[in-house]
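**Student:** Just so it is clear, I am handing over data.cif, which has mmCIF, C-alpha atoms and all ligand atoms.
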```cif
data_model
loop_
_atom_site.label_atom_id
_atom_site.label_comp_id
_atom_site.auth_asym_id
_atom_site.auth_seq_id
_atom_site.Cartn_x
_atom_site.Cartn_y
_atom_site.Cartn_z
CA MET A 222 -26.48 11.69 6.98
CA SER A 223 -25.46 8.09 7.81
CA SER A 224 -21.94 7.33 8.98
CA SER A 225 -19.19 7.10 6.42
CA ILE A 226 -15.73 5.99 5.47
CA LEU A 227 -13.06 8.53 4.49
CA ILE A 228 -10.08 7.68 2.29
CA LEU A 229 -7.13 10.10 2.37
CA GLY A 230 -4.89 9.83 -0.71
CA ALA A 231 -7.68 8.13 -2.65
CA CYS A 232 -6.32 9.01 -6.09
CA GLY A 233 -3.17 6.90 -5.77
CA GLN A 234 -2.36 3.35 -6.84
CA ILE A 235 -4.05 1.68 -3.86
CA GLY A 236 -6.57 4.38 -2.90
CA THR A 237 -8.29 4.29 -6.29
CA GLU A 238 -9.03 0.58 -6.18
CA LEU A 239 -9.81 0.68 -2.48
CA THR A 240 -12.39 3.41 -3.12
CA TYR A 241 -14.11 1.31 -5.80
CA ALA A 242 -14.07 -1.79 -3.59
CA LEU A 243 -15.45 0.00 -0.52
CA ARG A 244 -18.15 1.77 -2.58
CA GLU A 245 -19.16 -1.62 -3.97
CA ARG A 246 -19.40 -3.01 -0.44
CA HIS A 247 -20.95 -0.11 1.49
CA GLY A 248 -22.73 1.92 -1.20
CA LYS A 249 -21.29 4.86 -3.11
CA ASP A 250 -22.53 7.60 -0.79
CA ALA A 251 -20.95 5.97 2.27
CA VAL A 252 -17.38 6.29 0.95
CA VAL A 253 -15.79 9.75 0.73
CA ALA A 254 -12.70 9.79 -1.50
CA SER A 255 -10.22 12.61 -0.91
CA ASP A 256 -6.79 13.63 -2.12
CA ILE A 257 -4.63 16.72 -2.50
CA ARG A 258 -5.22 16.47 -6.27
CA GLU A 259 -8.04 15.38 -8.53
CA GLY A 260 -8.21 11.74 -9.61
CA SER A 261 -9.72 9.82 -12.50
CA GLU A 262 -13.18 10.78 -13.73
CA GLN A 263 -14.52 7.42 -12.60
CA LEU A 264 -13.23 7.91 -9.06
CA MET A 265 -14.60 11.43 -8.77
CA ASN A 266 -17.98 10.70 -10.35
CA THR A 267 -18.93 7.51 -8.53
CA GLY A 268 -19.39 9.03 -5.07
CA PRO A 269 -18.39 11.99 -2.88
CA PHE A 270 -14.95 13.48 -3.51
CA GLU A 271 -13.15 16.20 -1.51
CA LEU A 272 -9.87 18.00 -2.16
CA LEU A 273 -8.16 17.51 1.19
CA ASP A 274 -4.59 17.83 2.49
CA ALA A 275 -3.81 14.95 4.86
CA THR A 276 -1.37 17.17 6.78
CA ASP A 277 -4.16 19.66 7.63
CA HIS A 278 -5.72 18.49 10.89
CA THR A 279 -8.55 21.05 10.90
CA ALA A 280 -9.54 20.34 7.31
CA ILE A 281 -9.71 16.59 8.00
CA GLU A 282 -11.75 17.19 11.14
CA ASP A 283 -14.23 19.35 9.20
CA ILE A 284 -14.76 16.58 6.65
CA VAL A 285 -15.04 13.97 9.41
CA MET A 286 -17.77 16.02 11.10
CA HIS A 287 -19.58 16.90 7.87
CA TYR A 288 -19.86 13.31 6.62
CA GLU A 289 -20.10 11.72 10.07
CA VAL A 290 -17.03 9.64 9.31
CA GLU A 291 -16.34 6.58 11.46
CA GLU A 292 -13.49 4.89 9.59
CA VAL A 293 -10.44 6.50 7.99
CA TYR A 294 -8.09 4.80 5.51
CA LEU A 295 -4.88 6.84 5.35
CA MET A 296 -3.32 6.11 1.94
CA ALA A 297 -1.59 9.50 1.45
CA ALA A 298 2.20 9.13 1.68
CA MET A 299 5.42 9.73 -0.19
CA LEU A 300 6.80 6.40 -1.43
CA SER A 301 10.31 4.97 -1.23
CA ALA A 302 12.05 6.30 -4.34
CA ALA A 303 10.44 9.75 -4.14
CA SER A 304 11.25 10.03 -0.41
CA GLU A 305 14.99 9.67 -1.10
CA LYS A 306 14.74 12.81 -3.24
CA PHE A 307 12.67 14.85 -0.76
CA PRO A 308 13.52 13.49 2.72
CA GLU A 309 12.02 16.27 4.84
CA ARG A 310 8.83 16.53 2.81
CA ALA A 311 8.48 12.75 3.02
CA TRP A 312 8.93 12.71 6.79
CA ASN A 313 6.47 15.60 7.26
CA LEU A 314 3.79 14.06 5.07
CA ASN A 315 4.18 10.47 6.27
CA MET A 316 4.27 11.33 9.99
CA ASN A 317 1.96 14.36 10.28
CA SER A 318 -0.85 12.71 8.32
CA LEU A 319 -0.61 9.70 10.65
CA PHE A 320 -0.68 11.84 13.80
CA ASN A 321 -3.70 13.74 12.47
CA VAL A 322 -5.68 10.55 12.04
CA LEU A 323 -4.47 8.84 15.23
CA ASN A 324 -5.34 11.95 17.24
CA LEU A 325 -8.86 12.10 15.77
CA ALA A 326 -9.30 8.50 16.94
CA LYS A 327 -7.80 9.29 20.34
CA GLU A 328 -10.31 12.15 20.70
CA LYS A 329 -13.08 9.63 19.79
CA LYS A 330 -14.05 11.63 16.68
CA ILE A 331 -13.51 8.51 14.54
CA GLU A 332 -13.72 4.85 15.53
CA LYS A 333 -11.32 2.93 13.33
CA VAL A 334 -8.15 3.64 11.35
CA PHE A 335 -6.34 1.78 8.58
CA TRP A 336 -2.75 2.82 7.96
CA PRO A 337 -0.43 0.87 5.64
CA SER A 338 3.14 0.02 6.44
CA SER A 339 5.60 -1.61 4.05
CA ILE A 340 8.34 -4.22 3.68
CA ALA A 341 10.59 -1.13 3.71
CA VAL A 342 10.56 -1.27 7.53
CA PHE A 343 13.13 -4.06 7.23
CA GLY A 344 16.76 -3.39 6.42
CA GLU A 345 20.24 -4.69 5.83
CA HIS A 346 20.45 -6.60 9.15
CA THR A 347 17.05 -8.27 8.79
CA PRO A 348 16.96 -11.95 7.72
CA ARG A 349 16.01 -11.68 4.05
CA GLU A 350 14.45 -15.09 3.44
CA ASN A 351 11.01 -15.71 4.95
CA THR A 352 11.39 -12.56 7.07
CA PRO A 353 9.60 -13.12 10.39
CA GLN A 354 6.86 -10.91 11.85
CA ARG A 355 9.13 -9.94 14.74
CA THR A 356 12.79 -9.52 13.84
CA ILE A 357 15.59 -6.99 13.49
CA MET A 358 14.33 -3.87 11.74
CA SER A 359 17.03 -1.54 10.49
CA PRO A 360 15.53 0.55 7.69
CA SER A 361 18.09 2.67 5.85
CA THR A 362 15.70 4.68 3.68
CA VAL A 363 13.72 7.80 4.61
CA TYR A 364 10.54 5.97 3.67
CA GLY A 365 11.43 2.88 5.73
CA ILE A 366 12.32 5.01 8.75
CA SER A 367 8.94 6.80 8.51
CA LYS A 368 7.10 3.47 8.24
CA GLN A 369 8.94 1.94 11.20
CA ALA A 370 8.25 5.02 13.33
CA GLY A 371 4.62 4.95 12.17
CA GLU A 372 4.27 1.32 13.25
CA ARG A 373 5.53 2.12 16.73
CA TRP A 374 3.11 5.07 17.00
CA CYS A 375 0.20 2.85 15.95
CA HIS A 376 1.18 0.31 18.60
CA TYR A 377 1.54 3.10 21.18
CA TYR A 378 -1.81 4.76 20.41
CA HIS A 379 -3.57 1.41 20.58
CA HIS A 380 -2.08 0.35 23.91
CA LYS A 381 -1.99 3.79 25.54
CA PHE A 382 -5.24 5.33 24.28
CA GLY A 383 -7.28 2.35 23.04
CA VAL A 384 -7.17 3.55 19.42
CA ASP A 385 -8.47 0.88 17.02
CA VAL A 386 -5.76 1.14 14.38
CA ARG A 387 -5.04 -1.72 11.97
CA SER A 388 -2.14 -2.13 9.58
CA VAL A 389 -0.41 -4.43 7.11
CA ARG A 390 3.09 -4.29 5.63
CA TYR A 391 2.25 -4.32 1.92
CA PRO A 392 4.82 -5.83 -0.41
CA GLY A 393 5.27 -4.28 -3.89
CA LEU A 394 1.85 -3.99 -5.50
CA ILE A 395 0.91 -4.78 -9.10
CA SER A 396 -2.18 -3.14 -10.56
CA TRP A 397 -3.65 -2.32 -13.97
CA LYS A 398 -6.21 0.40 -13.12
CA THR A 399 -3.74 2.97 -11.72
CA LEU A 400 -0.01 3.54 -12.17
CA PRO A 401 2.31 3.35 -9.14
CA GLY A 402 3.46 6.54 -7.43
CA GLY A 403 7.26 6.47 -7.06
CA GLY A 404 8.26 3.23 -5.34
CA THR A 405 11.09 0.74 -5.77
CA THR A 406 8.79 -1.97 -7.17
CA ASP A 407 7.18 0.28 -9.85
CA TYR A 408 9.06 -1.71 -12.51
CA ALA A 409 6.63 -4.61 -12.01
CA VAL A 410 3.76 -2.46 -13.35
CA GLU A 411 5.68 -0.42 -15.96
CA ILE A 412 7.00 -3.63 -17.55
CA PHE A 413 3.48 -4.74 -18.55
CA HIS A 414 2.64 -1.39 -20.17
CA GLU A 415 5.87 -1.35 -22.15
CA ALA A 416 5.74 -5.03 -23.06
CA LEU A 417 2.39 -4.36 -24.74
CA SER A 418 3.17 -0.95 -26.25
CA LYS A 419 6.83 -1.41 -27.28
CA GLY A 420 7.68 -5.10 -26.90
CA SER A 421 10.67 -4.21 -24.73
CA TYR A 422 11.52 -2.77 -21.30
CA SER A 423 14.55 -1.18 -19.67
CA CYS A 424 14.49 -2.26 -16.01
CA PHE A 425 15.93 -0.13 -13.19
CA LEU A 426 16.63 -3.20 -11.03
CA LYS A 427 19.05 -6.08 -11.73
CA GLU A 428 17.76 -9.29 -13.28
CA ASP A 429 18.07 -11.35 -10.07
CA THR A 430 16.64 -8.84 -7.53
CA THR A 431 13.98 -10.94 -5.85
CA LEU A 432 11.35 -9.00 -3.87
CA PRO A 433 8.00 -9.83 -2.24
CA MET A 434 5.10 -8.75 -4.48
CA MET A 435 1.30 -8.91 -4.55
CA PHE A 436 -1.52 -8.42 -7.06
CA MET A 437 -3.72 -5.45 -6.16
CA GLU A 438 -6.88 -7.53 -5.83
CA ASP A 439 -5.22 -9.49 -3.02
CA ALA A 440 -4.01 -6.28 -1.33
CA ILE A 441 -7.51 -4.76 -1.37
CA ARG A 442 -9.01 -7.99 -0.04
CA ALA A 443 -6.43 -8.05 2.79
CA THR A 444 -7.21 -4.43 3.66
CA ILE A 445 -10.95 -5.00 3.84
CA GLN A 446 -10.46 -8.30 5.67
CA ILE A 447 -8.31 -6.88 8.48
CA MET A 448 -10.69 -3.93 8.86
CA SER A 449 -13.67 -6.30 9.15
CA SER A 450 -11.99 -8.60 11.70
CA GLU A 451 -13.08 -8.81 15.31
CA PRO A 452 -10.73 -6.48 17.23
CA GLU A 453 -9.82 -9.12 19.84
CA LYS A 454 -8.47 -11.40 17.08
CA LEU A 455 -5.76 -8.89 16.17
CA SER A 456 -2.66 -9.64 18.23
CA VAL A 457 -0.52 -7.14 16.28
CA ARG A 458 -1.25 -3.41 16.44
CA SER A 459 1.98 -2.23 14.86
CA SER A 460 1.63 -3.90 11.43
CA TYR A 461 1.17 -7.43 10.06
CA ASN A 462 3.53 -9.11 7.61
CA LEU A 463 1.63 -9.87 4.41
CA ALA A 464 2.79 -12.03 1.50
CA ALA A 465 1.66 -13.49 -1.79
CA MET A 466 4.64 -14.23 -4.10
CA SER A 467 8.30 -13.37 -4.60
CA PHE A 468 9.99 -12.89 -7.95
CA SER A 469 12.83 -11.06 -9.70
CA PRO A 470 12.67 -8.93 -12.87
CA GLY A 471 14.11 -11.94 -14.72
CA ASP A 472 11.32 -14.20 -13.44
CA LEU A 473 8.69 -11.63 -14.45
CA ALA A 474 10.21 -11.18 -17.91
CA ASN A 475 10.11 -14.98 -18.45
CA SER A 476 6.49 -15.07 -17.35
CA ILE A 477 5.61 -12.27 -19.83
CA LYS A 478 7.52 -14.07 -22.63
CA LYS A 479 5.12 -17.03 -22.29
CA HIS A 480 2.40 -14.65 -23.59
CA LEU A 481 4.55 -12.35 -25.75
CA PRO A 482 7.45 -14.48 -27.07
CA GLY A 483 9.17 -11.50 -28.78
CA PHE A 484 9.42 -9.45 -25.55
CA THR A 485 12.94 -8.27 -24.67
CA ILE A 486 14.33 -6.72 -21.49
CA GLU A 487 17.57 -4.93 -20.58
CA TYR A 488 18.78 -4.16 -17.05
CA VAL A 489 20.06 -0.67 -16.22
CA PRO A 490 20.07 -0.44 -12.40
CA ASP A 491 19.78 3.03 -10.83
CA PHE A 492 19.58 4.34 -7.22
CA ARG A 493 16.54 2.14 -6.60
CA GLN A 494 18.79 -0.94 -6.72
CA ASP A 495 20.42 0.20 -3.46
CA ILE A 496 16.99 0.43 -1.82
CA ALA A 497 15.90 -2.99 -3.11
CA ASP A 498 19.17 -4.56 -1.89
CA THR A 499 18.17 -3.85 1.73
CA TRP A 500 14.65 -5.29 1.46
CA PRO A 501 13.54 -8.89 2.15
CA LYS A 502 13.27 -11.46 -0.62
CA SER A 503 10.31 -13.25 0.95
CA ILE A 504 7.99 -12.69 3.92
CA ASP A 505 6.54 -14.98 6.60
CA ASP A 506 2.89 -13.94 6.97
CA SER A 507 1.80 -16.87 9.14
CA LEU A 508 0.51 -14.59 11.91
CA ALA A 509 -1.87 -12.77 9.53
CA LYS A 510 -3.06 -16.20 8.37
CA LYS A 511 -3.61 -17.34 11.95
CA ASP A 512 -5.20 -14.15 13.36
CA TRP A 513 -7.53 -13.10 10.53
CA ASN A 514 -7.44 -15.97 8.01
CA TRP A 515 -5.37 -14.15 5.41
CA GLU A 516 -4.69 -16.16 2.24
CA ALA A 517 -3.31 -14.78 -1.04
CA ARG A 518 -4.95 -15.92 -4.28
CA TYR A 519 -2.65 -14.64 -7.04
CA ASP A 520 0.79 -16.01 -7.96
CA LEU A 521 3.20 -14.79 -10.63
CA GLU A 522 1.59 -16.71 -13.51
CA SER A 523 -2.00 -15.66 -12.72
CA THR A 524 -0.93 -12.05 -12.11
CA THR A 525 0.88 -11.91 -15.47
CA ALA A 526 -2.11 -13.35 -17.32
CA VAL A 527 -4.62 -10.94 -15.72
CA MET A 528 -2.38 -7.88 -16.13
CA LEU A 529 -1.83 -8.49 -19.86
CA GLN A 530 -5.48 -9.29 -20.49
CA LYS A 531 -6.89 -6.33 -18.55
CA LEU A 532 -4.45 -3.78 -19.99
CA LYS A 533 -5.28 -4.98 -23.51
CA GLU A 534 -9.05 -4.91 -22.89
CA ALA A 535 -8.91 -1.45 -21.32
CA GLY A 536 -6.68 -0.09 -24.11
CA LEU A 537 -4.37 1.31 -21.44
CA THR A 538 -1.06 0.73 -23.19
N1 LIG B 601 2.07 0.74 -3.86
C1 LIG B 601 2.88 -0.06 -3.17
O1 LIG B 601 3.52 -0.94 -3.76
C2 LIG B 601 2.96 0.07 -1.66
C3 LIG B 601 3.72 -0.88 -0.97
C4 LIG B 601 3.83 -0.75 0.42
C5 LIG B 601 3.15 0.26 1.08
N2 LIG B 601 2.41 1.17 0.37
C6 LIG B 601 1.74 2.23 1.13
O2 LIG B 601 0.37 2.32 0.78
C7 LIG B 601 -0.06 3.69 0.84
C8 LIG B 601 -0.65 4.10 -0.50
O3 LIG B 601 0.34 3.90 -1.49
P1 LIG B 601 0.07 4.13 -3.04
O4 LIG B 601 0.94 3.18 -3.77
O5 LIG B 601 -1.37 4.18 -3.34
O6 LIG B 601 0.73 5.58 -3.19
P2 LIG B 601 0.52 6.65 -4.37
O7 LIG B 601 1.73 7.49 -4.41
O8 LIG B 601 0.08 5.95 -5.61
O9 LIG B 601 -0.71 7.50 -3.81
C9 LIG B 601 -0.59 8.37 -2.74
C10 LIG B 601 -1.66 9.45 -2.91
O10 LIG B 601 -1.52 10.38 -1.84
C11 LIG B 601 -1.77 11.65 -2.36
N3 LIG B 601 -1.18 12.67 -1.51
C12 LIG B 601 0.09 13.10 -1.46
N4 LIG B 601 0.23 14.08 -0.54
C13 LIG B 601 -0.99 14.27 -0.01
C14 LIG B 601 -1.50 15.13 0.99
N5 LIG B 601 -0.72 16.01 1.63
N6 LIG B 601 -2.82 15.04 1.29
C15 LIG B 601 -3.63 14.17 0.66
N7 LIG B 601 -3.21 13.32 -0.29
C16 LIG B 601 -1.90 13.38 -0.62
C17 LIG B 601 -1.19 11.64 -3.75
O11 LIG B 601 -1.76 12.66 -4.55
C18 LIG B 601 -1.55 10.23 -4.21
O12 LIG B 601 -2.78 10.22 -4.90
C19 LIG B 601 1.17 4.49 1.26
O13 LIG B 601 1.19 4.65 2.65
C20 LIG B 601 2.32 3.60 0.85
O14 LIG B 601 3.45 3.86 1.63
C21 LIG B 601 2.32 1.09 -0.98
#
```
For the structure just supplied, provide its representation as structure tokens.

**Tutor:**
Amino acid sequence: MSSSILILGACGQIGTELTYALRERHGKDAVVASDIREGSEQLMNTGPFELLDATDHTAIEDIVMHYEVEEVYLMAAMLSAASEKFPERAWNLNMNSLFNVLNLAKEKKIEKVFWPSSIAVFGEHTPRENTPQRTIMSPSTVYGISKQAGERWCHYYHHKFGVDVRSVRYPGLISWKTLPGGGTTDYAVEIFHEALSKGSYSCFLKEDTTLPMMFMEDAIRATIQIMSSEPEKLSVRSSYNLAAMSFSPGDLANSIKKHLPGFTIEYVPDFRQDIADTWPKSIDDSLAKKDWNWEARYDLESTTAVMLQKLKEAGLT
């Protein structure tokens, strides 16, 4: 069997689209999707799929050996809003899955690792406008703490053991193929579904809560681009800042109204407002641009147009 790629947490918002994109690029048999639960029929029928717990080191190692895996994309995690409800489970999943994969690379059983961080690594003392690559990081959420610790472990394993681990700090991601899995920016996907199905949306963040966001196609391209880069070009082995656009729920609602003039929105902030209030408004990703030629393609207007069109075409609302 030829060498393969393994995706852990492949049935989630990012993993699903990443699986399709990698199968397109490397051939369907070269990309093993895995998750603790089953995913969409399309995901499970377009290439190998394994039920696999990312916290089970032995089970991952068995799959790595069986498929002769060289690259692992670790997308299994508990996201920001869910982690506030289950702090210990979040910490165990987010950290143990990372150690499992980093240790397989340290033992030379795999060659390359992708692990995503998040803008949640920043916190209330971080400069919120154009947040630099290197700055004060004071995460106040369980999720943010796990991501900051994860970044330091990635840096450590690279410098101490030569592990080839690569990472980006994704902003909030907007996708039409898969729903988000319990984050603070989920509103920016839900709003499109409800705008089309009901003509209205009740938003859990305030109207003026500006956050960094990105269309999924850009996020997948960034992921594949950093993993394809020459290793010596990567000056950051913790995690790279990554940016595309910044907008508030009010900005997004106005953009949707250009297509659906009757759309209405109300704002009923919940506990996720407190999380969003500690996150940056915009991100400086100049180092990713310099090191591996990162460039976003989608802005608010193009994202809105594609989301509405694709959801309508796919009958997903
Ligand atoms: N979606 C975003 O906006 C965003 C932003 C920043 C960072 N990230 C990061 O990107 C990664 C993927 O995020 P996502 O949005 O696709 O998350 P998601 O919640 O949509 O998907 C996570 C997947 O992991 C699976 N999973 C949970 N526990 C598991 C276990 N023990 N073993 C195997 N699989 C398990 C879930 O079933 C799910 O399919 C995470 O590390 C997340 O922190 C996401």

**Student:** Could you jot down the CA of Val253 (chain A) to CA of Asn266 (chain A) separation for me, Å, one decimal place?

**Tutor:** 11.3 Å

**Student:** Report the distance between atom O2 of ligand LIG 601 (chain B) and CA of Asn475 (chain A) in Å, rounded to one decimal place.

**Tutor:**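 That distance, rounded to one decimal, is 27.6 Å.
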
**Student:** Region 439-470 of chain A near region 225-249 of chain A within 9 Å: what's each residue's closest atom pair and its distance in Å to one decimal, counting only C-alpha atoms, ordered by chain then ascending residue number, as a Markdown table?

**Tutor:**
```
| residue | atom | partner | partner_atom | distance |
| --- | --- | --- | --- | --- |
| A:Ala440 | CA | A:Ile235 | CA | 8.4 |
| A:Ile441 | CA | A:Leu239 | CA | 6.0 |
| A:Arg442 | CA | A:Ala242 | CA | 8.8 |
| A:Thr444 | CA | A:Leu239 | CA | 8.4 |
| A:Ile445 | CA | A:Leu243 | CA | 8.0 |
```

**Student:** Which residue is closest to Ser423 (chain A)? Choose from A:Tyr488, A:Tyr408, A:Phe335, A:Trp397 and count all atoms listed in the file.

**Tutor:**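 The closest residue to Ser423 (chain A) is A:Tyr488.
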
**Student:** Considering only C-alpha atoms, return as a list of chain:residue names whatever protein or nucleic-acid residues lie within 10 Å of Ala509 (chain A), sequence-local ones (same chain, fewer than 3 positions apart) excluded.

**Tutor:** A:Gln354, A:Val389, A:Ala443, A:Ile447, A:Leu455, A:Ser456, A:Val457, A:Ser460, A:Tyr461, A:Asn462, A:Leu463, A:Ala464, A:Asp505, A:Asp506, A:Asp512, A:Trp513, A:Asn514, A:Trp515, A:Glu516

**Student:** As a list in words, please: the residues near Ala535 (chain A) (cut-off 10 Å, only C-alpha atoms, same-chain neighbours under 3 positions excluded).

**Tutor:** Trp397, Lys398, Gln530, Lys531, Leu532 and Thr538 of chain A

**Student:** What gap, in Å, lies between CA of Ala341 (chain A) and CA of Tyr364 (chain A)?

**Tutor:**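 CA of Tyr364 (chain A) lies at a distance of 7.1 Å from CA of Ala341 (chain A).
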
**Student:** Counting all atoms listed in the file, select every polymer residue within 9 Å of (11.6, -5.8, -11.1) as defined in the file's coordinates, and provide the selection as a PyMOL selection string.

**Tutor:** chain A and resi 405-410+412+424-432+468-474

**Student:** For the residues in that selection, give me C-alpha atoms as a PDB file, in the coordinates of the input.

**Tutor:**
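To be explicit, this is the file written out as selection-v4.pdb:
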```
ATOM      1  CA  THR A 405      11.090   0.740  -5.770  1.00  0.00           C
ATOM      2  CA  THR A 406       8.790  -1.970  -7.170  1.00  0.00           C
ATOM      3  CA  ASP A 407       7.180   0.280  -9.850  1.00  0.00           C
ATOM      4  CA  TYR A 408       9.060  -1.710 -12.510  1.00  0.00           C
ATOM      5  CA  ALA A 409       6.630  -4.610 -12.010  1.00  0.00           C
ATOM      6  CA  VAL A 410       3.760  -2.460 -13.350  1.00  0.00           C
ATOM      7  CA  ILE A 412       7.000  -3.630 -17.550  1.00  0.00           C
ATOM      8  CA  CYS A 424      14.490  -2.260 -16.010  1.00  0.00           C
ATOM      9  CA  PHE A 425      15.930  -0.130 -13.190  1.00  0.00           C
ATOM     10  CA  LEU A 426      16.630  -3.200 -11.030  1.00  0.00           C
ATOM     11  CA  LYS A 427      19.050  -6.080 -11.730  1.00  0.00           C
ATOM     12  CA  GLU A 428      17.760  -9.290 -13.280  1.00  0.00           C
ATOM     13  CA  ASP A 429      18.070 -11.350 -10.070  1.00  0.00           C
ATOM     14  CA  THR A 430      16.640  -8.840  -7.530  1.00  0.00           C
ATOM     15  CA  THR A 431      13.980 -10.940  -5.850  1.00  0.00           C
ATOM     16  CA  LEU A 432      11.350  -9.000  -3.870  1.00  0.00           C
ATOM     17  CA  PHE A 468       9.990 -12.890  -7.950  1.00  0.00           C
ATOM     18  CA  SER A 469      12.830 -11.060  -9.700  1.00  0.00           C
ATOM     19  CA  PRO A 470      12.670  -8.930 -12.870  1.00  0.00           C
ATOM     20  CA  GLY A 471      14.110 -11.940 -14.720  1.00  0.00           C
ATOM     21  CA  ASP A 472      11.320 -14.200 -13.440  1.00  0.00           C
ATOM     22  CA  LEU A 473       8.690 -11.630 -14.450  1.00  0.00           C
ATOM     23  CA  ALA A 474      10.210 -11.180 -17.910  1.00  0.00           C
TER      24      ALA A 474
END
```

**Student:** Kindly indicate which residue among A:Ala497, A:Phe436, A:Gly371, A:Gly344 lies nearest to Met358 (chain A), using only C-alpha atoms for the distances.

**Tutor:**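 Looking only at the distances to Met358 (chain A), the closest residue turns out to be A:Gly344.
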
**Student:** Find, counting only C-alpha atoms and all ligand atoms, the residue in A:Thr485, A:Thr356, A:Thr399, A:Asn351 that gets nearest to ligand LIG 601 (chain B).

**Tutor:**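 Looking only at the distances to ligand LIG 601 (chain B), the closest residue turns out to be A:Thr399.
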
**Student:** For a cutoff of 9 Å around the file-coordinate point (-10.6, 20.6, -2.3), which residues qualify once you count all atoms listed in the file? I'd like the result as a VMD selection string.

**Tutor:** chain A and resid 255 to 259 270 to 274

**Student:** Generate the missing atoms of region 283-296 of chain A up to N, CA, C and O atoms and report them as a CSV table (one decimal), keeping the file's coordinate frame.

**Tutor:**
```csv
chain,number,residue,atom,x,y,z
A,283,ASP,N,-13.0,18.8,9.8
A,283,ASP,CA,-14.2,19.4,9.2
A,283,ASP,C,-14.9,18.3,8.3
A,283,ASP,O,-16.2,18.2,8.4
A,284,ILE,N,-14.2,17.6,7.5
A,284,ILE,CA,-14.8,16.6,6.6
A,284,ILE,C,-15.3,15.4,7.5
A,284,ILE,O,-16.4,14.9,7.2
A,285,VAL,N,-14.6,15.1,8.5
A,285,VAL,CA,-15.0,14.0,9.4
A,285,VAL,C,-16.4,14.3,10.0
A,285,VAL,O,-17.3,13.5,10.1
A,286,MET,N,-16.5,15.6,10.5
A,286,MET,CA,-17.8,16.0,11.1
A,286,MET,C,-18.9,16.1,10.1
A,286,MET,O,-20.0,15.6,10.3
A,287,HIS,N,-18.6,16.7,8.9
A,287,HIS,CA,-19.6,16.9,7.9
A,287,HIS,C,-20.2,15.6,7.4
A,287,HIS,O,-21.4,15.5,7.2
A,288,TYR,N,-19.3,14.6,7.2
A,288,TYR,CA,-19.9,13.3,6.6
A,288,TYR,C,-20.1,12.3,7.7
A,288,TYR,O,-20.4,11.1,7.4
A,289,GLU,N,-20.0,12.7,9.0
A,289,GLU,CA,-20.1,11.7,10.1
A,289,GLU,C,-19.3,10.5,9.8
A,289,GLU,O,-19.7,9.3,9.8
A,290,VAL,N,-18.0,10.7,9.6
A,290,VAL,CA,-17.0,9.6,9.3
A,290,VAL,C,-16.7,8.8,10.5
A,290,VAL,O,-16.4,9.4,11.6
A,291,GLU,N,-16.7,7.5,10.4
A,291,GLU,CA,-16.3,6.6,11.5
A,291,GLU,C,-15.0,5.9,11.2
A,291,GLU,O,-14.3,5.6,12.1
A,292,GLU,N,-14.7,5.6,9.9
A,292,GLU,CA,-13.5,4.9,9.6
A,292,GLU,C,-12.7,5.7,8.6
A,292,GLU,O,-13.2,6.2,7.6
A,293,VAL,N,-11.3,5.8,8.9
A,293,VAL,CA,-10.4,6.5,8.0
A,293,VAL,C,-9.4,5.5,7.5
A,293,VAL,O,-8.8,4.8,8.3
A,294,TYR,N,-9.2,5.5,6.1
A,294,TYR,CA,-8.1,4.8,5.5
A,294,TYR,C,-7.1,5.8,5.1
A,294,TYR,O,-7.4,6.7,4.2
A,295,LEU,N,-5.9,5.8,5.7
A,295,LEU,CA,-4.9,6.8,5.4
A,295,LEU,C,-3.9,6.3,4.3
A,295,LEU,O,-3.0,5.6,4.6
A,296,MET,N,-4.2,6.6,3.0
A,296,MET,CA,-3.3,6.1,1.9
A,296,MET,C,-2.4,7.2,1.4
A,296,MET,O,-1.5,6.9,0.6
```
